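Novice: This is structure.csv (CSV, C-alpha atoms and all ligand atoms).
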chain,number,residue,atom,x,y,z
F,1,MET,CA,1.7,111.2,111.6
F,2,ALA,CA,-1.2,113.3,110.5
F,3,LYS,CA,-1.8,112.9,106.7
F,4,SER,CA,-2.8,116.5,106.3
F,5,LYS,CA,0.5,117.8,107.7
F,6,VAL,CA,2.5,116.2,104.9
F,7,PHE,CA,0.0,117.5,102.3
F,8,ASP,CA,0.2,120.9,103.8
F,9,ILE,CA,4.0,121.0,103.6
F,10,VAL,CA,4.0,119.8,100.0
F,11,GLU,CA,1.4,122.6,99.2
F,12,LYS,CA,3.6,125.1,101.0
F,13,ALA,CA,6.7,124.2,98.9
F,14,LEU,CA,4.6,124.3,95.7
F,15,SER,CA,3.4,127.7,96.5
F,16,GLY,CA,7.0,129.0,96.5
F,17,ILE,CA,7.5,129.3,100.3
F,18,LEU,CA,10.6,127.7,101.8
F,19,ILE,CA,9.8,124.8,104.1
F,20,ASP,CA,11.7,124.8,107.4
F,21,LYS,CA,14.0,122.4,109.1
F,22,GLU,CA,11.3,120.5,111.0
F,23,GLU,CA,9.2,120.2,107.9
F,24,ILE,CA,12.1,118.8,105.9
F,25,ASP,CA,12.8,116.3,108.7
F,26,LEU,CA,9.1,115.2,108.7
F,27,LEU,CA,9.1,114.6,105.0
F,28,PHE,CA,12.3,112.5,105.1
F,29,ARG,CA,10.6,110.3,107.8
F,30,VAL,CA,7.5,109.5,105.7
F,31,PRO,CA,7.5,105.8,105.0
F,32,LEU,CA,7.8,104.6,101.4
F,33,LYS,CA,4.8,102.9,99.8
F,34,THR,CA,2.3,105.3,101.4
F,35,GLU,CA,-0.1,107.9,100.0
F,36,GLU,CA,2.0,110.6,101.7
F,37,ALA,CA,5.2,109.4,100.0
F,38,MET,CA,3.5,109.5,96.6
F,39,VAL,CA,2.3,113.0,97.3
F,40,ILE,CA,5.9,114.1,98.1
F,41,GLN,CA,7.1,112.6,94.8
F,42,TYR,CA,4.1,114.1,92.9
F,43,GLY,CA,5.0,117.5,94.4
F,44,SER,CA,8.6,117.1,93.5
F,45,ARG,CA,7.9,116.3,89.9
F,46,LYS,CA,5.4,119.1,89.6
F,47,MET,CA,8.0,121.6,91.0
F,48,SER,CA,10.8,120.3,88.8
F,49,GLU,CA,8.5,120.4,85.7
F,50,HIS,CA,7.5,124.0,86.5
F,51,LEU,CA,11.0,125.3,87.3
F,52,SER,CA,12.7,123.8,84.2
F,53,ARG,CA,9.7,124.5,81.9
F,54,GLY,CA,9.3,120.8,81.2
F,55,LYS,CA,12.8,120.2,80.0
F,56,ALA,CA,15.3,117.9,81.7
F,57,GLU,CA,19.1,118.1,81.2
F,58,ILE,CA,21.8,115.6,80.6
F,59,HIS,CA,25.3,116.7,81.5
F,60,GLY,CA,28.4,114.8,80.4
F,61,GLN,CA,31.4,114.2,82.7
F,62,VAL,CA,35.0,113.4,81.5
F,63,GLY,CA,37.1,111.9,84.3
F,64,ILE,CA,40.6,112.9,83.2
F,65,ASN,CA,42.9,111.1,85.7
F,66,ILE,CA,43.2,108.0,87.9
F,67,GLY,CA,45.4,107.5,90.9
F,68,PRO,CA,45.5,107.1,94.7
F,69,CYS,CA,44.2,110.2,96.5
F,70,PRO,CA,45.4,111.0,100.0
F,71,LYS,CA,42.1,112.5,101.1
F,72,ASN,CA,40.9,108.9,101.6
F,73,CYS,CA,37.1,109.4,101.2
F,74,GLN,CA,36.0,105.9,102.0
F,75,PHE,CA,33.2,105.9,99.4
F,76,CYS,CA,35.7,106.8,96.5
F,77,SER,CA,37.6,104.3,94.4
F,78,PHE,CA,40.5,106.8,94.2
F,79,ALA,CA,41.0,106.8,98.0
F,80,SER,CA,44.6,105.5,98.6
F,81,SER,CA,43.2,103.4,101.5
F,82,ASN,CA,40.7,101.6,99.2
F,83,LYS,CA,43.6,100.3,97.0
F,84,VAL,CA,41.5,100.2,93.8
F,85,PHE,CA,43.9,102.3,91.6
F,86,PRO,CA,47.4,102.0,92.9
F,87,THR,CA,49.1,103.9,90.1
F,88,ASN,CA,48.6,107.3,88.4
F,89,SER,CA,47.5,107.9,84.9
F,90,VAL,CA,46.2,110.9,83.0
F,91,LEU,CA,44.3,111.0,79.6
F,92,SER,CA,46.2,112.8,76.9
F,93,LEU,CA,45.1,116.3,76.1
F,94,GLU,CA,43.9,115.2,72.6
F,95,ASP,CA,41.8,112.5,74.2
F,96,ILE,CA,40.3,114.8,76.7
F,97,ILE,CA,39.3,117.3,74.0
F,98,ALA,CA,38.0,114.6,71.8
F,99,ARG,CA,35.8,113.2,74.6
F,100,CYS,CA,34.4,116.7,75.4
F,101,GLN,CA,33.7,117.3,71.7
F,102,ASP,CA,31.9,113.9,71.6
F,103,PHE,CA,29.6,115.0,74.4
F,104,GLU,CA,29.0,118.3,72.6
F,105,ASP,CA,28.2,116.4,69.4
F,106,VAL,CA,25.6,114.2,71.0
F,107,GLY,CA,23.9,117.1,72.7
F,108,ALA,CA,25.1,117.1,76.4
F,109,ASN,CA,23.8,120.3,77.9
F,110,ALA,CA,27.0,120.9,79.9
F,111,ILE,CA,30.4,119.3,80.0
F,112,TYR,CA,32.3,118.6,83.2
F,113,LEU,CA,36.0,117.9,83.6
F,114,MET,CA,36.7,115.9,86.7
F,115,SER,CA,40.0,115.2,88.4
F,116,THR,CA,41.1,113.7,91.7
F,117,ALA,CA,41.7,116.2,94.5
F,118,ASN,CA,45.5,115.8,94.4
F,119,PHE,CA,45.8,116.4,90.6
F,120,SER,CA,48.0,119.4,89.8
F,121,PHE,CA,45.7,122.5,89.8
F,122,ALA,CA,48.0,124.3,87.4
F,123,ARG,CA,47.8,121.4,84.9
F,124,TYR,CA,44.1,121.2,85.4
F,125,VAL,CA,43.7,124.9,84.4
F,126,GLU,CA,45.9,124.4,81.3
F,127,ILE,CA,43.7,121.5,80.3
F,128,ALA,CA,40.5,123.4,80.9
F,129,GLN,CA,41.8,126.3,78.8
F,130,GLU,CA,42.6,124.0,75.9
F,131,VAL,CA,39.3,122.3,76.2
F,132,ARG,CA,37.5,125.7,76.2
F,133,LYS,CA,39.3,126.7,73.0
F,134,ASN,CA,38.0,123.6,71.3
F,135,LEU,CA,34.4,123.8,72.3
F,136,LYS,CA,31.6,126.0,70.9
F,137,PRO,CA,31.6,129.3,72.8
F,138,GLU,CA,28.1,128.7,74.1
F,139,THR,CA,28.9,125.2,75.6
F,140,VAL,CA,28.8,125.2,79.4
F,141,LEU,CA,32.0,124.0,80.9
F,142,VAL,CA,32.0,122.9,84.6
F,143,ALA,CA,35.0,122.0,86.9
F,144,ASN,CA,34.7,119.0,89.3
F,145,VAL,CA,38.0,119.3,91.3
F,146,GLY,CA,39.2,119.3,94.9
F,147,ASP,CA,39.0,122.3,97.2
F,148,PHE,CA,40.3,125.6,95.9
F,149,THR,CA,41.0,129.2,97.0
F,150,TYR,CA,39.5,132.4,95.6
F,151,GLU,CA,42.6,133.0,93.4
F,152,GLN,CA,42.3,129.5,92.0
F,153,ALA,CA,38.6,130.0,91.4
F,154,LEU,CA,39.5,133.1,89.4
F,155,ALA,CA,42.1,131.1,87.4
F,156,LEU,CA,39.3,128.6,86.5
F,157,LYS,CA,37.0,131.4,85.5
F,158,GLN,CA,39.8,133.0,83.3
F,159,ALA,CA,40.4,129.6,81.7
F,160,GLY,CA,36.8,129.7,80.5
F,161,VAL,CA,35.1,127.5,83.1
F,162,ASN,CA,31.5,128.6,83.8
F,163,GLY,CA,30.7,126.7,87.0
F,164,VAL,CA,31.8,124.1,89.4
F,165,TYR,CA,30.3,121.0,91.0
F,166,HIS,CA,31.1,120.8,94.7
F,167,ALA,CA,29.5,119.2,97.7
F,168,LEU,CA,29.8,119.0,101.5
F,169,ARG,CA,29.4,115.3,101.5
F,170,LEU,CA,27.6,113.1,104.1
F,171,GLY,CA,30.2,112.1,106.7
F,172,GLU,CA,32.6,114.8,105.6
F,173,GLY,CA,35.5,114.9,108.0
F,174,THR,CA,34.5,111.5,109.4
F,175,VAL,CA,34.7,109.1,106.5
F,176,THR,CA,36.7,111.7,104.5
F,177,GLY,CA,40.0,113.3,105.2
F,178,ILE,CA,38.7,116.8,104.5
F,179,ASP,CA,37.6,119.4,107.1
F,180,PRO,CA,34.0,120.4,106.3
F,181,SER,CA,35.0,124.1,106.6
F,182,LEU,CA,37.3,123.7,103.6
F,183,ARG,CA,34.4,122.5,101.5
F,184,LEU,CA,32.3,125.6,102.6
F,185,ASN,CA,35.3,127.9,101.8
F,186,THR,CA,35.4,126.5,98.3
F,187,PHE,CA,31.6,127.2,97.8
F,188,LYS,CA,32.4,130.8,98.8
F,189,ALA,CA,35.5,131.1,96.6
F,190,ALA,CA,33.5,129.8,93.6
F,191,LYS,CA,30.7,132.3,94.2
F,192,GLU,CA,32.9,135.2,94.7
F,193,ALA,CA,34.8,134.5,91.5
F,194,GLY,CA,31.5,134.3,89.6
F,195,LEU,CA,31.4,130.6,89.0
F,196,ALA,CA,28.0,129.0,89.2
F,197,LEU,CA,27.7,126.2,91.7
F,198,GLY,CA,26.0,122.8,91.4
F,199,THR,CA,25.8,120.6,94.4
F,200,CYS,CA,24.0,117.6,95.8
F,201,VAL,CA,23.1,115.7,99.0
F,202,GLU,CA,25.6,112.8,98.5
F,203,PRO,CA,26.7,110.1,98.8
F,204,VAL,CA,23.6,108.7,100.6
F,205,GLY,CA,23.8,105.3,102.2
F,206,PRO,CA,21.6,103.3,104.7
F,207,GLU,CA,24.0,104.4,107.5
F,208,HIS,CA,22.9,108.1,107.3
F,209,SER,CA,20.5,109.5,109.8
F,210,VAL,CA,17.5,111.7,108.9
F,211,GLU,CA,19.3,114.4,111.0
F,212,GLU,CA,22.3,114.3,108.7
F,213,LEU,CA,20.1,114.3,105.6
F,214,VAL,CA,18.4,117.4,106.9
F,215,GLU,CA,21.6,119.1,107.8
F,216,LYS,CA,23.2,118.5,104.4
F,217,THR,CA,19.9,119.5,102.6
F,218,LEU,CA,20.0,122.9,104.4
F,219,ILE,CA,23.7,123.4,103.7
F,220,ALA,CA,22.9,122.7,100.0
F,221,ARG,CA,20.1,125.2,100.0
F,222,GLU,CA,22.1,127.9,101.8
F,223,SER,CA,24.9,127.5,99.2
F,224,ASN,CA,22.5,128.9,96.6
F,225,PRO,CA,23.3,126.5,93.8
F,226,VAL,CA,21.9,126.2,90.3
F,227,PHE,CA,21.0,122.6,91.1
F,228,SER,CA,20.9,120.2,94.0
F,229,GLY,CA,19.5,116.7,94.3
F,230,ALA,CA,20.5,113.4,95.8
F,231,MET,CA,23.0,110.7,94.9
F,232,ARG,CA,23.4,107.3,96.4
F,233,ARG,CA,26.7,105.8,97.5
F,234,ILE,CA,27.8,103.0,95.3
F,235,THR,CA,29.2,100.0,97.2
F,236,LEU,CA,32.9,99.4,96.4
F,237,PRO,CA,33.4,95.8,97.2
F,238,GLY,CA,35.8,95.0,100.1
F,239,THR,CA,35.9,98.6,101.3
F,240,PRO,CA,34.9,99.7,104.9
F,241,LEU,CA,31.5,101.2,103.9
F,242,SER,CA,30.4,98.1,102.0
F,243,LYS,CA,29.1,96.6,105.3
F,244,TYR,CA,26.2,99.0,105.2
F,245,GLY,CA,24.9,98.0,101.8
F,246,MET,CA,23.3,100.5,99.4
F,247,MET,CA,20.1,102.5,99.0
F,248,SER,CA,17.5,101.3,96.5
F,249,GLU,CA,16.4,103.6,93.7
F,250,ALA,CA,13.0,103.7,95.3
F,251,LYS,CA,14.4,105.0,98.5
F,252,MET,CA,16.6,107.5,96.6
F,253,ALA,CA,13.5,108.7,94.7
F,254,HIS,CA,11.9,109.6,98.1
F,255,ILE,CA,15.1,111.5,99.2
F,256,LEU,CA,15.6,113.4,96.0
F,257,ALA,CA,11.9,114.4,96.1
F,258,VAL,CA,12.2,115.8,99.6
F,259,VAL,CA,15.4,117.7,98.6
F,260,ARG,CA,13.6,119.1,95.6
F,261,LEU,CA,10.7,120.4,97.7
F,262,ALA,CA,13.2,121.8,100.3
F,263,MET,CA,15.3,123.8,97.8
F,264,GLY,CA,12.6,126.3,97.0
F,265,PRO,CA,11.7,128.1,93.8
F,266,ASP,CA,15.1,129.7,93.1
F,267,ILE,CA,17.0,126.5,92.6
F,268,LEU,CA,16.0,125.2,89.2
F,269,GLY,CA,17.8,121.8,88.9
F,270,ASN,CA,17.3,118.6,90.9
F,271,CYS,CA,19.8,115.9,90.0
F,272,THR,CA,20.2,112.2,90.8
F,273,HIS,CA,23.0,109.9,90.2
F,274,GLU,CA,23.4,107.2,89.0
F,275,PRO,CA,20.7,107.8,86.3
F,276,ASN,CA,17.4,105.9,86.8
F,277,VAL,CA,13.8,106.1,85.7
F,278,TYR,CA,12.4,106.0,89.2
F,279,GLY,CA,14.4,109.1,90.2
F,280,ALA,CA,13.5,111.0,87.0
F,281,ALA,CA,9.8,110.2,87.4
F,282,ALA,CA,10.0,111.5,91.0
F,283,GLY,CA,11.4,114.9,90.0
F,284,ALA,CA,15.1,114.6,89.0
F,285,ASN,CA,15.5,116.9,86.0
F,286,LEU,CA,19.3,116.4,85.7
F,287,ILE,CA,21.3,113.2,85.2
F,288,TRP,CA,24.9,112.5,84.0
F,289,ALA,CA,26.6,110.6,81.3
F,290,GLU,CA,30.2,109.6,82.2
F,291,VAL,CA,33.4,108.6,80.4
F,292,GLY,CA,37.0,108.1,81.7
F,293,SER,CA,37.6,107.8,85.4
F,294,ASN,CA,34.8,107.7,88.0
F,295,PRO,CA,35.0,107.6,91.8
F,296,ARG,CA,32.1,105.1,92.0
F,297,ASP,CA,33.7,102.6,89.5
F,298,ILE,CA,36.5,100.1,89.8
F,299,ALA,CA,36.9,100.3,86.0
F,300,GLY,CA,39.3,103.0,84.8
F,301,GLU,CA,37.1,103.6,81.7
F,302,THR,CA,33.7,104.0,83.3
F,303,GLN,CA,31.9,104.0,79.9
F,304,LYS,CA,32.7,100.3,79.7
F,305,ASN,CA,31.2,99.6,83.1
F,306,ARG,CA,29.0,101.9,85.3
F,307,GLY,CA,29.1,105.0,83.2
F,308,PHE,CA,26.0,105.8,81.0
F,309,SER,CA,26.1,107.4,77.6
F,310,VAL,CA,24.1,110.5,76.7
F,311,GLU,CA,21.9,108.2,74.5
F,312,LYS,CA,21.2,105.9,77.5
F,313,CYS,CA,20.3,109.0,79.6
F,314,ARG,CA,17.9,110.1,76.9
F,315,GLU,CA,16.2,106.7,77.1
F,316,ILE,CA,15.9,107.1,80.9
F,317,PHE,CA,14.2,110.5,80.5
F,318,TRP,CA,12.0,109.2,77.8
F,319,GLU,CA,10.8,106.3,80.0
F,320,ALA,CA,10.1,108.9,82.8
F,321,ASP,CA,8.1,111.0,80.3
F,322,TRP,CA,10.6,114.0,80.3
F,323,GLU,CA,11.5,116.1,77.3
F,324,VAL,CA,15.3,116.8,77.1
F,325,LEU,CA,16.6,120.3,76.7
F,326,SER,CA,18.3,121.1,73.4
F,327,GLY,CA,21.2,123.5,73.8
F,328,PRO,CA,23.3,124.8,76.7
F,329,SER,CA,22.3,124.1,80.3
F,330,GLN,CA,19.6,126.5,81.5
F,331,PHE,CA,20.5,125.7,85.1
F,332,PHE,CA,23.9,127.2,84.6
F,333,LEU,CA,22.9,129.9,82.2
F,334,SER,CA,20.5,131.2,84.8
F,335,ALA,CA,23.4,132.1,87.0
F,336,ILE,CA,26.2,133.2,84.7
F,401,LIG,S1,36.3,111.9,96.5
F,401,LIG,FE1,37.9,113.3,95.7
F,401,LIG,S2,39.0,114.0,97.5
F,401,LIG,FE2,37.9,112.1,98.1
F,401,LIG,S3,39.4,110.4,97.8
F,401,LIG,FE3,38.1,110.7,95.9
F,401,LIG,S4,39.3,112.0,94.6
F,401,LIG,FE4,40.1,112.2,96.6
What do you get writing this file as structure tokens?
Ligand code: SF4
Specialist:
Amino acid sequence: MAKSKVFDIVEKALSGILIDKEEIDLLFRVPLKTEEAMVIQYGSRKMSEHLSRGKAEIHGQVGINIGPCPKNCQFCSFASSNKVFPTNSVLSLEDIIARCQDFEDVGANAIYLMSTANFSFARYVEIAQEVRKNLKPETVLVANVGDFTYEQALALKQAGVNGVYHALRLGEGTVTGIDPSLRLNTFKAAKEAGLALGTCVEPVGPEHSVEELVEKTLIARESNPVFSGAMRRITLPGTPLSKYGMMSEAKMAHILAVVRLAMGPDILGNCTHEPNVYGAAAGANLIWAEVGSNPRDIAGETQKNRGFSVEKCREIFWEADWEVLSGPSQFFLSAI
């Protein structure tokens, strides 16, 4: 591979021109531990620093329920088929509100309410409405739920939700029980209802081809989100995907850097999950703290296991030499 070609593509992305499918493909194929790979990460960091004016964001997610989900996404601990959580439970409304207020108190830039896909949508809207009433008006509230219609998107909006997290995942329709077109319809419904969209290329594992990474990167870009990025699949022991192992943080840093460069100048945020210094140094300007349920965890209260606190996320950004934004998420505010 000609060195100059990679340098040219990075320069093109930094100049604000969208790089094309072949160029994205080429960047994904650059081997780690090469000068070209470092230039890709340098370009990604530079672009993220510029687009978010040197400020990274920490968002806090409250997982509100646990239980077997019939969609059976093989990477998720809630999948019925994975048999991690055989029974249903939901946090009390008081507890959900208290956890959201805790995130607000410690300076999370946005607060997400996550439920499993089969959780009652009507109940979710009631909870979101109560949470909204108990947060500061300027706090950004984001829904992370299953697929929904335009009418349901409007109900979220009316409940005081500002945006949604949604993704067309790697292996959608193959390792998940969800038709990819349903995910895309949800993107559309959210947009039409005036909800800002955050998305991500996820969950990445060693089993995924460059072709699929490119396809999902382009789908993310075309969905016009306020942030994209890359998240790795966490191995759930004893589940079918565990045979593939997991991506290292170094490999994920390369992938999130390519995604950053591919998104172009209109998409301000570039996330990674789970939070790590390598990813932040390579251009991730958004990471998450988590409490309650978590589809990557086998513990029902993720803050006692995999979930990071806002404070821990601050330390990660400090180590990566990022300043953290104070106040509501600029990524979401740019679109609402
Ligand atoms: S990722 Fe969502 S839809 Fe899939 S099994 Fe888990 S909760 Fe259900």
Novice: List as a list in words the protein and nucleic acid residues near Asp105 in chain F, meaning an atom at most 12 Å away when all atoms listed in the file are counted, but skip any in the same chain fewer than 3 places from it.
Specialist: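 Non-adjacent residues within range: Gly60, Ala98, Arg99, Cys100, Gln101, Asp102, Ala108, Asn109, Ala110, Ile111, Leu135, Lys136, Thr139, Val310, Glu311, Ser326 and Gly327 of chain F.
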Novice: Give me, as a ChimeraX atom specification, all polymer residues having an atom no more than 9 Å from Arg306 in chain F, counting all atoms listed in the file and skipping those fewer than 5 positions away in the same chain.
Specialist: /F:274,290,294,296-299
Novice: Excluding Ala143 in chain F and residues on its chain fewer than 4 positions from it, collect all residues at most 12 Å away from it, counting only C-alpha atoms, and give them as a PyMOL selection string.
Specialist: chain F and resi 60-64+110-117+121+124-125+127-129+131-132+147-148+152-153+155-157+159-166+190+195-199
Novice: For the selection just defined, write its residues with C-alpha atoms to a file, as a PDB file, in the coordinates of the input.
Specialist:
ATOM      1  CA  GLY F  60      28.400 114.800  80.400  1.00  0.00           C
ATOM      2  CA  GLN F  61      31.400 114.200  82.700  1.00  0.00           C
ATOM      3  CA  VAL F  62      35.000 113.400  81.500  1.00  0.00           C
ATOM      4  CA  GLY F  63      37.100 111.900  84.300  1.00  0.00           C
ATOM      5  CA  ILE F  64      40.600 112.900  83.200  1.00  0.00           C
ATOM      6  CA  ALA F 110      27.000 120.900  79.900  1.00  0.00           C
ATOM      7  CA  ILE F 111      30.400 119.300  80.000  1.00  0.00           C
ATOM      8  CA  TYR F 112      32.300 118.600  83.200  1.00  0.00           C
ATOM      9  CA  LEU F 113      36.000 117.900  83.600  1.00  0.00           C
ATOM     10  CA  MET F 114      36.700 115.900  86.700  1.00  0.00           C
ATOM     11  CA  SER F 115      40.000 115.200  88.400  1.00  0.00           C
ATOM     12  CA  THR F 116      41.100 113.700  91.700  1.00  0.00           C
ATOM     13  CA  ALA F 117      41.700 116.200  94.500  1.00  0.00           C
ATOM     14  CA  PHE F 121      45.700 122.500  89.800  1.00  0.00           C
ATOM     15  CA  TYR F 124      44.100 121.200  85.400  1.00  0.00           C
ATOM     16  CA  VAL F 125      43.700 124.900  84.400  1.00  0.00           C
ATOM     17  CA  ILE F 127      43.700 121.500  80.300  1.00  0.00           C
ATOM     18  CA  ALA F 128      40.500 123.400  80.900  1.00  0.00           C
ATOM     19  CA  GLN F 129      41.800 126.300  78.800  1.00  0.00           C
ATOM     20  CA  VAL F 131      39.300 122.300  76.200  1.00  0.00           C
ATOM     21  CA  ARG F 132      37.500 125.700  76.200  1.00  0.00           C
ATOM     22  CA  ASP F 147      39.000 122.300  97.200  1.00  0.00           C
ATOM     23  CA  PHE F 148      40.300 125.600  95.900  1.00  0.00           C
ATOM     24  CA  GLN F 152      42.300 129.500  92.000  1.00  0.00           C
ATOM     25  CA  ALA F 153      38.600 130.000  91.400  1.00  0.00           C
ATOM     26  CA  ALA F 155      42.100 131.100  87.400  1.00  0.00           C
ATOM     27  CA  LEU F 156      39.300 128.600  86.500  1.00  0.00           C
ATOM     28  CA  LYS F 157      37.000 131.400  85.500  1.00  0.00           C
ATOM     29  CA  ALA F 159      40.400 129.600  81.700  1.00  0.00           C
ATOM     30  CA  GLY F 160      36.800 129.700  80.500  1.00  0.00           C
ATOM     31  CA  VAL F 161      35.100 127.500  83.100  1.00  0.00           C
ATOM     32  CA  ASN F 162      31.500 128.600  83.800  1.00  0.00           C
ATOM     33  CA  GLY F 163      30.700 126.700  87.000  1.00  0.00           C
ATOM     34  CA  VAL F 164      31.800 124.100  89.400  1.00  0.00           C
ATOM     35  CA  TYR F 165      30.300 121.000  91.000  1.00  0.00           C
ATOM     36  CA  HIS F 166      31.100 120.800  94.700  1.00  0.00           C
ATOM     37  CA  ALA F 190      33.500 129.800  93.600  1.00  0.00           C
ATOM     38  CA  LEU F 195      31.400 130.600  89.000  1.00  0.00           C
ATOM     39  CA  ALA F 196      28.000 129.000  89.200  1.00  0.00           C
ATOM     40  CA  LEU F 197      27.700 126.200  91.700  1.00  0.00           C
ATOM     41  CA  GLY F 198      26.000 122.800  91.400  1.00  0.00           C
ATOM     42  CA  THR F 199      25.800 120.600  94.400  1.00  0.00           C
TER      43      THR F 199
END
Novice: Tell me, counting only C-alpha atoms and all ligand atoms, for each residue of chain F within 12 Å of ligand LIG 401 (chain F), which pair of atoms is nearest and how far apart they are in Å to one decimal, in rows ordered by chain and increasing number, as a tab-separated table.
Specialist:
residue	atom	partner	partner_atom	distance
F:Gly63	CA	F:LIG401	S4	10.5
F:Ile64	CA	F:LIG401	S4	11.5
F:Asn65	CA	F:LIG401	S4	9.6
F:Ile66	CA	F:LIG401	S4	8.7
F:Gly67	CA	F:LIG401	S4	8.4
F:Pro68	CA	F:LIG401	S3	7.6
F:Cys69	CA	F:LIG401	FE4	4.6
F:Pro70	CA	F:LIG401	FE4	6.4
F:Lys71	CA	F:LIG401	S3	4.8
F:Asn72	CA	F:LIG401	S3	4.4
F:Cys73	CA	F:LIG401	FE2	4.2
F:Gln74	CA	F:LIG401	S3	7.0
F:Phe75	CA	F:LIG401	S1	7.3
F:Cys76	CA	F:LIG401	FE3	4.6
F:Ser77	CA	F:LIG401	FE3	6.6
F:Phe78	CA	F:LIG401	FE3	4.9
F:Ala79	CA	F:LIG401	S3	3.9
F:Ser80	CA	F:LIG401	S3	7.2
F:Ser81	CA	F:LIG401	S3	8.8
F:Asn82	CA	F:LIG401	S3	9.0
F:Lys83	CA	F:LIG401	S3	11.0
F:Val84	CA	F:LIG401	S3	11.2
F:Phe85	CA	F:LIG401	FE3	11.1
F:Met114	CA	F:LIG401	S4	9.2
F:Ser115	CA	F:LIG401	S4	7.0
F:Thr116	CA	F:LIG401	S4	3.8
F:Ala117	CA	F:LIG401	S2	4.6
F:Asn118	CA	F:LIG401	FE4	6.9
F:Phe119	CA	F:LIG401	S4	8.8
F:Asn144	CA	F:LIG401	FE1	9.1
F:Val145	CA	F:LIG401	FE1	7.4
F:Gly146	CA	F:LIG401	S2	5.9
F:Asp147	CA	F:LIG401	S2	8.3
F:Phe148	CA	F:LIG401	S2	11.8
F:Tyr165	CA	F:LIG401	FE1	11.8
F:His166	CA	F:LIG401	FE1	10.2
F:Ala167	CA	F:LIG401	S1	10.0
F:Leu168	CA	F:LIG401	S1	10.8
F:Arg169	CA	F:LIG401	S1	9.2
F:Leu170	CA	F:LIG401	S1	11.6
F:Gly171	CA	F:LIG401	FE2	11.5
F:Glu172	CA	F:LIG401	FE2	9.6
F:Gly173	CA	F:LIG401	FE2	10.6
F:Thr174	CA	F:LIG401	FE2	11.8
F:Val175	CA	F:LIG401	FE2	9.5
F:Thr176	CA	F:LIG401	FE2	6.5
F:Gly177	CA	F:LIG401	FE2	7.5
F:Ile178	CA	F:LIG401	S2	7.5
F:Asp179	CA	F:LIG401	S2	11.1
F:Pro180	CA	F:LIG401	S2	12.0
F:Leu182	CA	F:LIG401	S2	11.6
F:Arg183	CA	F:LIG401	S2	10.5
F:Glu202	CA	F:LIG401	S1	10.9
F:Pro203	CA	F:LIG401	S1	10.0
F:Arg233	CA	F:LIG401	S1	11.4
F:Ser293	CA	F:LIG401	S4	10.3
F:Asn294	CA	F:LIG401	S4	9.1
F:Pro295	CA	F:LIG401	FE3	6.0
F:Arg296	CA	F:LIG401	FE3	9.1
F:Asp297	CA	F:LIG401	FE3	11.2
Novice: What does the structure give for the distance between CA of Met47 in chain F and CA of Ile336 in chain F, in Å to one decimal?
Specialist: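 Taking CA of Met47 in chain F and CA of Ile336 in chain F, their separation equals 22.5 Å.
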Novice: For a quick check of understanding, using all atoms listed in the file, which of F:Ser329, F:Ser309, F:Ser223, F:Ser248 has the smallest distance to Val142 in chain F?
Specialist: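 So, comparing all the options, the nearest one is F:Ser329.
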Novice: For a quick check of understanding, using all atoms listed in the file, which of F:Ala289, F:Ala335, F:Leu268, F:Leu93 has the smallest distance to Gly54 in chain F?
Specialist: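 The shortest atom-to-atom distance to Gly54 in chain F comes from F:Leu268.
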Novice: In Å, with one decimal, what is the gap from CA of Ile97 in chain F to CA of Ala280 in chain F?
Specialist: 29.6 Å
